[in-house]
>>> print(open('coords-v6.csv').read())   # CSV, C-alpha atoms
chain,number,residue,atom,x,y,z
O,809,MET,CA,-22.5,13.2,-5.3
O,810,ALA,CA,-22.5,13.0,-1.5
O,811,ALA,CA,-25.6,10.8,-1.5
O,812,THR,CA,-24.1,8.6,-4.2
O,813,SER,CA,-20.8,8.2,-2.3
O,814,ALA,CA,-22.6,7.4,1.0
O,815,SER,CA,-24.7,4.7,-0.5
O,816,LEU,CA,-21.7,3.0,-2.1
O,817,LEU,CA,-19.5,3.2,1.0
O,818,LYS,CA,-22.0,2.0,3.5
O,819,ALA,CA,-22.5,-1.2,1.7
O,820,SER,CA,-21.2,-4.5,3.1
O,821,PRO,CA,-17.7,-5.6,2.2
O,822,THR,CA,-17.4,-5.9,-1.5
O,823,LYS,CA,-16.4,-9.2,-3.2
O,824,LEU,CA,-15.2,-8.8,-6.8
O,825,ASP,CA,-16.2,-11.6,-9.1
O,826,LYS,CA,-14.4,-12.8,-12.1
O,827,SER,CA,-16.6,-10.7,-14.4
O,828,ASP,CA,-14.9,-7.7,-12.9
O,829,TRP,CA,-11.6,-8.7,-14.5
O,830,VAL,CA,-12.9,-9.2,-18.0
O,831,LYS,CA,-10.0,-8.0,-20.0
O,832,GLY,CA,-10.5,-4.8,-21.9
O,833,GLN,CA,-13.7,-4.0,-20.1
O,834,SER,CA,-14.7,-2.2,-16.9
O,835,LEU,CA,-17.7,-2.8,-14.8
O,836,ARG,CA,-20.9,-2.5,-16.7
O,837,GLN,CA,-22.5,0.2,-14.6
O,838,VAL,CA,-21.6,3.7,-15.7
O,839,SER,CA,-21.3,6.4,-13.0
O,840,SER,CA,-21.8,10.1,-13.3
O,841,LEU,CA,-19.5,10.8,-10.3
O,842,SER,CA,-17.5,13.9,-10.7
O,843,VAL,CA,-14.1,14.4,-9.1
O,844,ALA,CA,-14.1,15.1,-5.4
O,845,LYS,CA,-12.3,18.3,-4.4
O,846,CYS,CA,-10.7,19.0,-1.1
O,847,MET,CA,-11.9,22.6,-0.7
O,848,PRO,CA,-15.7,23.1,-0.5
O,849,SER,CA,-15.5,26.2,-2.6
O,850,ALA,CA,-13.8,24.5,-5.5
O,851,SER,CA,-15.7,22.9,-8.4
O,852,SER,CA,-14.4,21.2,-11.5
O,853,SER,CA,-15.9,19.9,-14.7
O,854,LEU,CA,-13.0,17.5,-14.9
O,855,SER,CA,-13.7,13.9,-14.0
O,856,VAL,CA,-12.3,10.4,-14.0
O,857,LYS,CA,-13.4,8.5,-17.0
O,858,ALA,CA,-17.1,7.8,-16.3
O,859,SER,CA,-16.7,4.1,-17.3
O,860,TYR,CA,-14.2,3.6,-14.4
O,861,ALA,CA,-15.6,5.7,-11.6
O,862,ASP,CA,-17.8,3.0,-10.0
O,863,GLU,CA,-15.2,0.4,-10.6
O,864,LEU,CA,-12.5,2.4,-8.7
O,865,VAL,CA,-14.8,2.8,-5.7
O,866,LYS,CA,-15.7,-0.9,-5.8
O,867,THR,CA,-12.1,-2.0,-6.0
O,868,ALA,CA,-11.0,0.3,-3.1
O,869,LYS,CA,-13.8,-1.0,-1.0
O,870,SER,CA,-12.9,-4.6,-1.7
O,871,ILE,CA,-9.3,-4.0,-0.7
O,872,ALA,CA,-10.4,-2.2,2.4
O,873,SER,CA,-12.7,-4.9,3.7
O,874,PRO,CA,-12.5,-5.5,7.5
O,875,GLY,CA,-9.9,-7.9,8.8
O,876,ARG,CA,-7.8,-7.9,5.6
O,877,GLY,CA,-4.9,-6.0,4.2
O,878,ILE,CA,-2.3,-6.0,1.4
O,879,LEU,CA,0.5,-8.4,0.7
O,880,ALA,CA,3.3,-6.4,-1.0
O,881,MET,CA,5.3,-8.8,-3.2
O,882,ASP,CA,6.4,-6.2,-5.7
O,883,GLU,CA,10.2,-6.4,-5.1
O,884,SER,CA,12.2,-5.8,-8.3
O,885,ASN,CA,14.1,-8.8,-9.7
O,886,ALA,CA,17.3,-7.4,-8.2
O,887,THR,CA,15.7,-7.0,-4.7
O,888,CYS,CA,14.1,-10.4,-5.0
O,889,GLY,CA,17.6,-11.7,-5.8
O,890,LYS,CA,18.9,-10.4,-2.5
O,891,ARG,CA,16.1,-12.2,-0.6
O,892,LEU,CA,16.9,-15.4,-2.4
O,893,ASP,CA,20.6,-15.0,-1.8
O,894,SER,CA,19.9,-14.8,1.9
O,895,ILE,CA,18.7,-18.4,1.8
O,896,GLY,CA,21.4,-19.6,-0.6
O,897,LEU,CA,19.4,-19.5,-3.8
O,898,GLU,CA,20.5,-18.1,-7.2
O,899,ASN,CA,18.5,-15.2,-8.6
O,900,THR,CA,16.9,-17.0,-11.6
O,901,GLU,CA,13.4,-16.6,-13.0
O,902,ALA,CA,12.6,-20.2,-12.0
O,903,ASN,CA,13.5,-19.5,-8.3
O,904,ARG,CA,11.6,-16.2,-8.3
O,905,GLN,CA,8.6,-18.1,-9.8
O,906,ALA,CA,8.8,-20.9,-7.2
O,907,TYR,CA,8.8,-18.4,-4.3
O,908,ARG,CA,6.0,-16.3,-5.8
O,909,THR,CA,4.0,-19.4,-6.4
O,910,LEU,CA,4.4,-20.3,-2.7
O,911,LEU,CA,3.0,-16.9,-1.7
O,912,VAL,CA,0.0,-16.6,-4.0
O,913,SER,CA,-1.1,-20.3,-3.6
O,914,ALA,CA,-1.1,-20.4,0.2
O,915,PRO,CA,-4.5,-22.0,1.0
O,916,GLY,CA,-6.9,-19.6,2.6
O,917,LEU,CA,-4.7,-16.5,2.1
O,918,GLY,CA,-7.7,-14.5,0.9
O,919,GLN,CA,-9.3,-14.7,4.4
O,920,TYR,CA,-6.6,-12.3,5.6
O,921,ILE,CA,-5.3,-10.7,2.4
O,922,SER,CA,-7.5,-8.5,0.1
O,923,GLY,CA,-4.9,-7.3,-2.4
O,924,ALA,CA,-1.4,-8.3,-3.6
O,925,ILE,CA,1.0,-5.8,-5.2
O,926,LEU,CA,3.0,-7.5,-8.0
O,927,PHE,CA,6.1,-6.7,-9.9
O,928,GLU,CA,5.7,-6.6,-13.7
O,929,GLU,CA,7.3,-10.0,-14.2
O,930,THR,CA,4.8,-11.5,-11.7
O,931,LEU,CA,1.8,-9.9,-13.3
O,932,TYR,CA,2.6,-11.8,-16.6
O,933,GLN,CA,4.0,-14.9,-14.9
O,934,SER,CA,2.4,-18.3,-14.3
O,935,THR,CA,2.9,-20.5,-11.3
O,936,THR,CA,5.1,-23.6,-11.3
O,937,GLU,CA,1.9,-25.5,-12.1
O,938,GLY,CA,1.2,-23.4,-15.2
O,939,LYS,CA,-1.7,-21.3,-13.9
O,940,LYS,CA,-1.6,-17.5,-14.3
O,941,MET,CA,-0.6,-15.9,-11.0
O,942,VAL,CA,-3.3,-13.3,-11.5
O,943,ASP,CA,-6.0,-16.0,-11.8
O,944,VAL,CA,-4.8,-17.8,-8.6
O,945,LEU,CA,-5.2,-14.5,-6.7
O,946,ILE,CA,-8.6,-13.8,-8.1
O,947,GLU,CA,-9.8,-17.2,-7.2
O,948,GLN,CA,-8.8,-16.4,-3.6
O,949,ASN,CA,-10.8,-13.1,-3.8
O,950,ILE,CA,-7.5,-11.1,-3.7
O,951,VAL,CA,-7.3,-8.1,-6.0
O,952,PRO,CA,-4.1,-8.0,-8.2
O,953,GLY,CA,-2.1,-4.8,-8.1
O,954,ILE,CA,1.0,-3.6,-9.9
O,955,LYS,CA,4.1,-1.5,-9.1
O,956,VAL,CA,4.2,1.1,-11.9
O,957,ASP,CA,7.1,3.4,-11.0
O,958,LYS,CA,10.6,3.0,-12.5
O,959,GLY,CA,12.6,3.4,-9.4
O,960,LEU,CA,14.5,6.2,-7.6
O,961,VAL,CA,17.2,8.3,-9.1
O,962,PRO,CA,19.3,11.3,-7.8
O,963,LEU,CA,17.4,14.6,-7.7
O,964,ALA,CA,19.6,17.3,-9.3
O,965,GLY,CA,19.8,20.5,-7.2
O,966,SER,CA,18.9,18.7,-3.9
O,967,ASN,CA,20.8,17.6,-0.8
O,968,ASN,CA,21.7,14.2,-2.2
O,969,GLU,CA,18.0,13.3,-2.3
O,970,SER,CA,16.1,11.3,-4.9
O,971,TRP,CA,13.0,11.4,-7.0
O,972,CYS,CA,10.8,8.7,-8.5
O,973,GLN,CA,10.8,8.2,-12.2
O,974,GLY,CA,8.2,6.5,-14.4
O,975,LEU,CA,5.6,9.1,-15.5
O,976,ASP,CA,6.7,8.9,-19.1
O,977,GLY,CA,4.6,6.2,-20.8
O,978,LEU,CA,2.6,5.5,-17.6
O,979,ALA,CA,-0.8,5.9,-19.3
O,980,SER,CA,-0.1,3.2,-21.9
O,981,ARG,CA,1.6,0.9,-19.4
O,982,SER,CA,-1.4,1.3,-17.0
O,983,ALA,CA,-3.8,0.4,-19.8
O,984,ALA,CA,-1.8,-2.7,-20.5
O,985,TYR,CA,-1.7,-3.7,-16.8
O,986,TYR,CA,-5.5,-3.3,-16.6
O,987,GLN,CA,-5.9,-5.6,-19.6
O,988,GLN,CA,-3.7,-8.1,-17.8
O,989,GLY,CA,-5.9,-8.1,-14.7
O,990,ALA,CA,-4.4,-5.5,-12.4
O,991,ARG,CA,-6.9,-3.3,-10.6
O,992,PHE,CA,-4.8,-1.1,-8.4
O,993,ALA,CA,-1.3,0.4,-8.6
O,994,LYS,CA,1.6,1.4,-6.4
O,995,TRP,CA,4.2,4.2,-6.8
O,996,ARG,CA,6.9,4.3,-4.2
O,997,THR,CA,8.6,7.6,-3.6
O,998,VAL,CA,10.6,8.4,-0.5
O,999,VAL,CA,11.6,11.4,1.7
O,1000,SER,CA,14.8,11.3,3.7
O,1001,ILE,CA,15.0,13.2,7.0
O,1002,PRO,CA,18.8,13.1,7.4
O,1003,ASN,CA,19.2,14.8,4.0
O,1004,GLY,CA,16.7,17.6,4.9
O,1005,PRO,CA,14.3,17.0,3.5
O,1006,SER,CA,14.6,19.9,1.1
O,1007,ALA,CA,11.5,21.8,-0.2
O,1008,LEU,CA,12.4,20.7,-3.7
O,1009,ALA,CA,12.4,17.0,-2.7
O,1010,VAL,CA,9.1,17.2,-0.9
O,1011,LYS,CA,7.4,19.1,-3.8
O,1012,GLU,CA,8.8,16.6,-6.4
O,1013,ALA,CA,7.6,13.6,-4.3
O,1014,ALA,CA,4.1,15.1,-3.9
O,1015,TRP,CA,3.7,16.2,-7.5
O,1016,GLY,CA,4.9,12.9,-8.9
O,1017,LEU,CA,2.4,11.0,-6.6
O,1018,ALA,CA,-0.5,13.3,-7.8
O,1019,ARG,CA,0.3,12.9,-11.5
O,1020,TYR,CA,0.6,9.1,-11.1
O,1021,ALA,CA,-2.7,9.0,-9.2
O,1022,ALA,CA,-4.6,10.9,-11.8
O,1023,ILE,CA,-3.1,8.8,-14.7
O,1024,SER,CA,-3.9,5.5,-12.8
O,1025,GLN,CA,-7.5,6.4,-12.2
O,1026,ASP,CA,-7.9,7.5,-15.8
O,1027,ASN,CA,-6.9,3.9,-16.8
O,1028,GLY,CA,-9.0,2.0,-14.3
O,1029,LEU,CA,-6.4,1.5,-11.6
O,1030,VAL,CA,-6.9,2.5,-7.9
O,1031,PRO,CA,-3.7,4.3,-7.0
O,1032,ILE,CA,-1.9,3.7,-3.7
O,1033,VAL,CA,-0.6,7.1,-2.5
O,1034,GLU,CA,2.6,6.3,-0.7
O,1035,PRO,CA,5.1,9.0,0.4
O,1036,GLU,CA,7.4,6.9,2.5
O,1037,ILE,CA,9.3,8.7,5.3
O,1038,MET,CA,12.5,6.7,5.5
O,1039,LEU,CA,13.6,5.2,8.8
O,1040,ASP,CA,17.2,6.2,8.3
O,1041,GLY,CA,18.6,8.6,10.9
O,1042,GLU,CA,19.1,9.4,14.6
O,1043,HIS,CA,16.1,11.8,14.8
O,1044,GLY,CA,13.4,11.5,17.4
O,1045,ILE,CA,9.7,10.8,16.8
O,1046,ASP,CA,8.8,14.6,17.0
O,1047,ARG,CA,11.1,15.3,14.0
O,1048,THR,CA,9.4,12.5,12.0
O,1049,PHE,CA,6.0,14.0,12.9
O,1050,GLU,CA,6.9,17.4,11.7
O,1051,VAL,CA,8.3,16.1,8.4
O,1052,ALA,CA,5.3,13.9,7.8
O,1053,LYS,CA,2.9,16.8,8.3
O,1054,GLN,CA,4.9,18.8,5.7
O,1055,VAL,CA,4.9,16.0,3.2
O,1056,TRP,CA,1.2,15.1,3.5
O,1057,ALA,CA,0.2,18.8,3.2
O,1058,GLU,CA,2.0,18.9,-0.1
O,1059,VAL,CA,0.5,15.6,-1.2
O,1060,PHE,CA,-3.1,16.5,-0.7
O,1061,PHE,CA,-2.6,20.0,-2.2
O,1062,TYR,CA,-1.4,18.4,-5.5
O,1063,LEU,CA,-3.9,15.6,-5.4
O,1064,ALA,CA,-6.6,18.3,-5.4
O,1065,GLN,CA,-4.7,20.2,-8.2
O,1066,ASN,CA,-4.8,17.1,-10.3
O,1067,ASN,CA,-8.5,16.4,-9.7
O,1068,VAL,CA,-7.9,13.0,-8.1
O,1069,MET,CA,-11.1,11.2,-7.0
O,1070,TYR,CA,-10.7,10.5,-3.3
O,1071,GLU,CA,-13.2,7.7,-3.2
O,1072,GLY,CA,-11.0,5.8,-5.5
O,1073,ILE,CA,-7.6,5.9,-3.8
O,1074,LEU,CA,-5.7,4.1,-1.1
O,1075,LEU,CA,-3.4,5.8,1.3
O,1076,LYS,CA,-0.2,4.0,2.4
O,1077,PRO,CA,1.7,6.2,4.9
O,1078,SER,CA,4.7,5.4,7.0
O,1079,MET,CA,3.9,5.0,10.7
O,1080,VAL,CA,5.3,7.9,12.7
O,1081,THR,CA,8.3,6.4,14.5
O,1082,PRO,CA,11.8,7.6,15.6
O,1083,GLY,CA,14.7,7.2,13.2
O,1084,ALA,CA,16.2,3.7,13.2
O,1085,GLU,CA,19.4,4.9,15.0
O,1086,CYS,CA,17.6,7.0,17.6
O,1087,LYS,CA,18.3,5.9,21.2
O,1088,ASP,CA,14.9,6.9,22.4
O,1089,ARG,CA,12.6,4.1,21.2
O,1090,ALA,CA,8.8,4.6,21.0
O,1091,THR,CA,6.2,2.3,22.4
O,1092,PRO,CA,3.3,1.0,20.2
O,1093,ASP,CA,1.0,3.4,22.0
O,1094,GLN,CA,3.3,6.4,21.3
O,1095,VAL,CA,3.5,5.4,17.6
O,1096,ALA,CA,-0.3,5.1,17.4
O,1097,SER,CA,-0.8,8.5,19.1
O,1098,TYR,CA,1.6,10.3,16.9
O,1099,THR,CA,0.4,8.6,13.7
O,1100,LEU,CA,-3.3,9.2,14.4
O,1101,ASN,CA,-2.6,12.8,15.4
O,1102,LEU,CA,-0.9,13.3,12.0
O,1103,LEU,CA,-3.9,11.9,10.2
O,1104,ARG,CA,-6.3,14.2,12.2
O,1105,GLN,CA,-4.2,17.2,11.2
O,1106,ARG,CA,-3.6,16.4,7.5
O,1107,ILE,CA,-6.5,14.5,6.1
O,1108,PRO,CA,-8.7,17.1,4.3
O,1109,PRO,CA,-12.0,18.2,6.0
O,1110,ALA,CA,-13.9,16.6,3.1
O,1111,VAL,CA,-12.8,13.2,4.2
O,1112,PRO,CA,-15.1,11.8,6.9
O,1113,GLY,CA,-12.9,8.8,7.8
O,1114,ILE,CA,-10.5,6.1,6.6
O,1115,MET,CA,-11.7,2.6,5.7
O,1116,ALA,CA,-14.7,1.8,7.8
O,1117,SER,CA,-15.7,5.0,9.5
O,1118,THR,CA,-19.2,6.3,10.1
O,1119,PRO,CA,-19.6,9.2,7.6
O,1120,TYR,CA,-19.7,12.7,9.0
O,1121,CYS,CA,-20.7,15.7,6.9
O,1122,SER,CA,-20.7,19.4,7.5
O,1123,GLN,CA,-20.8,21.9,4.6
O,1124,TYR,CA,-18.4,19.6,2.7
O,1125,THR,CA,-19.1,16.7,0.4
O,1126,CYS,CA,-18.3,13.3,1.9
O,1127,PRO,CA,-16.0,11.1,-0.1
O,1128,GLN,CA,-14.0,8.4,1.7
O,1129,LEU,CA,-10.4,7.4,1.9
O,1130,PHE,CA,-8.9,4.0,2.7
O,1131,LEU,CA,-5.7,3.6,4.6
O,1132,ASN,CA,-3.0,0.9,4.6
O,1133,PHE,CA,0.2,1.3,6.6
O,1134,LEU,CA,3.6,0.0,5.4
O,1135,SER,CA,6.0,-1.7,7.7
O,1136,GLY,CA,9.1,0.3,6.7
O,1137,GLY,CA,11.7,-2.1,8.1
O,1138,GLN,CA,10.1,-2.7,11.5
O,1139,SER,CA,10.2,-6.3,12.8
O,1140,GLU,CA,7.2,-8.5,12.0
O,1141,VAL,CA,5.9,-8.3,15.6
O,1142,GLU,CA,6.6,-4.6,15.9
O,1143,ALA,CA,4.7,-3.8,12.8
O,1144,THR,CA,1.7,-5.8,14.0
O,1145,LEU,CA,1.8,-4.4,17.5
O,1146,ASN,CA,1.8,-0.8,16.2
O,1147,LEU,CA,-1.1,-1.5,13.8
O,1148,ASN,CA,-3.0,-3.1,16.7
O,1149,ALA,CA,-2.4,0.0,18.9
O,1150,MET,CA,-3.8,2.3,16.2
O,1151,ASN,CA,-7.0,0.2,16.2
O,1152,GLN,CA,-7.2,0.4,20.0
O,1153,ALA,CA,-7.0,4.2,20.2
O,1154,PRO,CA,-10.1,6.4,20.0
O,1155,ASN,CA,-10.4,7.5,16.4
O,1156,PRO,CA,-13.1,7.5,13.6
O,1157,TRP,CA,-11.0,5.4,11.2
O,1158,HIS,CA,-10.4,1.8,10.4
O,1159,VAL,CA,-6.8,1.3,9.4
O,1160,SER,CA,-5.1,-1.7,7.9
O,1161,PHE,CA,-1.7,-2.9,6.6
O,1162,SER,CA,0.3,-3.2,3.4
O,1163,TYR,CA,3.4,-5.3,4.4
O,1164,ALA,CA,6.2,-6.9,2.5
O,1165,ARG,CA,9.0,-8.1,4.8
O,1166,ALA,CA,6.7,-8.0,7.8
O,1167,LEU,CA,4.7,-10.8,6.2
O,1168,GLN,CA,7.4,-12.6,4.3
O,1169,ASN,CA,10.6,-12.6,6.4
O,1170,THR,CA,10.0,-15.7,8.5
O,1171,CYS,CA,8.1,-17.4,5.6
O,1172,LEU,CA,11.2,-17.0,3.3
O,1173,LYS,CA,13.5,-18.4,5.9
O,1174,THR,CA,11.2,-21.3,6.6
O,1175,TRP,CA,11.0,-22.2,2.9
O,1176,GLY,CA,14.8,-22.1,2.4
O,1177,GLY,CA,14.3,-23.0,-1.3
O,1178,ARG,CA,13.3,-26.6,-0.4
O,1179,THR,CA,10.1,-28.2,-1.9
O,1180,GLU,CA,9.5,-30.2,1.3
O,1181,ASN,CA,9.3,-26.9,3.2
O,1182,VAL,CA,6.6,-25.2,1.1
O,1183,GLN,CA,3.7,-26.2,3.3
O,1184,ALA,CA,5.4,-25.1,6.5
O,1185,ALA,CA,6.4,-21.8,4.8
O,1186,GLN,CA,2.8,-21.2,3.7
O,1187,GLU,CA,1.6,-21.9,7.2
O,1188,THR,CA,4.1,-19.3,8.5
O,1189,LEU,CA,2.8,-16.8,6.0
O,1190,LEU,CA,-0.8,-17.5,7.0
O,1191,ALA,CA,0.1,-17.1,10.7
O,1192,ARG,CA,1.6,-13.6,10.1
O,1193,ALA,CA,-1.3,-12.7,7.8
O,1194,LYS,CA,-3.8,-13.8,10.5
O,1195,ALA,CA,-1.9,-11.8,13.2
O,1196,ASN,CA,-2.2,-8.6,11.2
O,1197,SER,CA,-5.8,-9.4,10.4
O,1198,LEU,CA,-6.4,-9.5,14.2
O,1199,ALA,CA,-4.4,-6.3,14.6
O,1200,GLN,CA,-6.6,-4.6,11.9
O,1201,LEU,CA,-9.6,-5.5,14.1
O,1202,GLY,CA,-7.8,-4.4,17.3
O,1203,LYS,CA,-7.7,-8.0,18.7
O,1204,TYR,CA,-4.0,-8.9,18.4
O,1205,THR,CA,-2.3,-10.0,21.7
O,1206,GLY,CA,1.2,-10.9,20.6
O,1207,GLU,CA,1.1,-14.2,22.5
O,1208,GLY,CA,3.1,-17.1,21.1
O,1209,GLU,CA,5.3,-15.0,18.7
O,1210,SER,CA,8.8,-16.5,17.9
O,1211,GLU,CA,12.0,-14.6,18.6
O,1212,GLU,CA,12.7,-14.6,14.9
O,1213,ALA,CA,9.5,-12.6,14.3
O,1214,LYS,CA,10.8,-10.0,16.8
O,1215,GLU,CA,14.0,-9.4,14.9
O,1216,GLY,CA,14.3,-5.9,13.2
O,1217,MET,CA,14.5,-5.7,9.5
O,1218,PHE,CA,15.8,-2.2,9.0
O,1219,VAL,CA,18.2,-1.7,6.0
O,1220,GLU,CA,19.9,1.6,5.6
O,1221,GLY,CA,18.9,3.4,2.4
O,1222,TYR,CA,16.5,0.5,1.5
O,1223,THR,CA,15.4,0.3,-2.1
O,1224,TYR,CA,13.2,-2.1,-3.9
>>> encode(input="coords-v6.csv", output="structure tokens")
Amino acid sequence: MAATSASLLKASPTKLDKSDWVKGQSLRQVSSLSVAKCMPSASSSLSVKASYADELVKTAKSIASPGRGILAMDESNATCGKRLDSIGLENTEANRQAYRTLLVSAPGLGQYISGAILFEETLYQSTTEGKKMVDVLIEQNIVPGIKVDKGLVPLAGSNNESWCQGLDGLASRSAAYYQQGARFAKWRTVVSIPNGPSALAVKEAAWGLARYAAISQDNGLVPIVEPEIMLDGEHGIDRTFEVAKQVWAEVFFYLAQNNVMYEGILLKPSMVTPGAECKDRATPDQVASYTLNLLRQRIPPAVPGIMASTPYCSQYTCPQLFLNFLSGGQSEVEATLNLNAMNQAPNPWHVSFSYARALQNTCLKTWGGRTENVQAAQETLLARAKANSLAQLGKYTGEGESEEAKEGMFVEGYTY
């Protein structure tokens, strides 16, 4: 298995062609890859469906190609309505369609964006010109993804914490999303530091992520594993670090318990930062140091690196993980600076981005719902995407950024 993984992962950046999205079919090549386990002594006869194993690896590699990242545009209709309301537009399907068309059809977007996470409405939606959104993305060599969770609800028996629902019916929904052209999935669960976090909330978040990941892979979708540590609170960066270590330890334990194939997942952690109300702010270098230290302590020994590392093997097998950071309410510039700092620091990994507001905020304001502003808004989107592309390569300088791009976007108790 190690030899097979190494040959696949050392290949040049993968470009998926249209045949990879033939509805109802997976890639023609069938793999005998078994499930990678975290512990070297563990072995399992369980595996991802053989027909999907190679495809999962190929999809993950395509999304993790150098200089590109993920555009998260999976806001629920209600959240999208809040965005539209901020520029004076009514929350109608036509207005949501117009804005999403602006995003997916930006010329040259695929140069900087490798994957786009969609809301269910968008996956089945056409552009204002009548072309399927999915097809527009594929033509730009952008892999379509889908948000599959059903939102956060109160967690009984906890300290006013929440849990993510959506496992019921997930297998059948995932199969339908695959038929529609989706090739990766997102499940957003959160952990709140001011409310604990309680052991119950951490375990529930980790178990839910692991079950979702296993079900997604079984239906041909690369799962993004995303335990988001919320920015809410006055706590310092050291408290965030300790909580993040606890959460990721649980996550990887349950991923192994559920026989998730590590070559076919994407990690999407929060950067380790102080709470939004903390008076002691952290520099990009501090954020990078804490975040990379977290990864060194919590990524299992079987994992040689993240994204574009040089494989390293001891007595363990050598699958690979791919990592994309979320912006979590940071300003557009702050998110880019922190990403750039992580790609400056000495580490064996190649880290990238999965941003929503940190790519869209200025773009949305520039558009303002006016047709004559579409081109200018798309140029703004491309500028932000290019900045983060440079940060992913460790080449971002921050020169020429507008004051608007430096404005914070933290929202207390933020939900999608």
>>> residues_around(input="coords-v6.csv", residues="O:Gly923", least_positions_apart="6", cutoff="10 Å", atoms="only C-alpha atoms", output="list in words")
Thr867, Ala868, Ser870, Ile871, Ala872, Arg876, Gly877, Ile878, Leu879, Ala880, Leu945, Ile946, Gln948, Asn949, Ile950, Val951, Pro952, Gly953, Arg991, Phe992 and Ser1162 of chain O
>>> residues_around(input="coords-v6.csv", residues="O:Arg996", least_positions_apart="2", cutoff="8 Å", atoms="only C-alpha atoms", output="list of chain:residue names")
O:Asp957, O:Gly959, O:Cys972, O:Lys994, O:Val998, O:Glu1034, O:Pro1035, O:Glu1036
>>> residues_around(input="coords-v6.csv", residues="O:Glu901", least_positions_apart="2", cutoff="12 Å", atoms="all atoms listed in the file", output="ChimeraX atom specification")
/O:884-886,888-889,892,897-899,903-909,929-930,933-936
>>> closest_residue(input="coords-v6.csv", among="O:Ala1193, O:Leu1201, O:Ala902, O:Val961", to="O:Asn1151", atoms="all atoms listed in the file")
O:Leu1201
>>> closest_residue(input="coords-v6.csv", among="O:Ser1097, O:Gln988, O:Thr900, O:Ser859", to="O:Gln1025", atoms="only C-alpha atoms")
O:Ser859
>>> atom_distance(input="coords-v6.csv", atom1="atom CA of O:Glu1050", atom2="atom CA of O:Ile1001")
10.3 Å
>>> atom_distance(input="coords-v6.csv", atom1="atom CA of O:His1043", atom2="atom CA of O:Glu1012")
22.9 Å
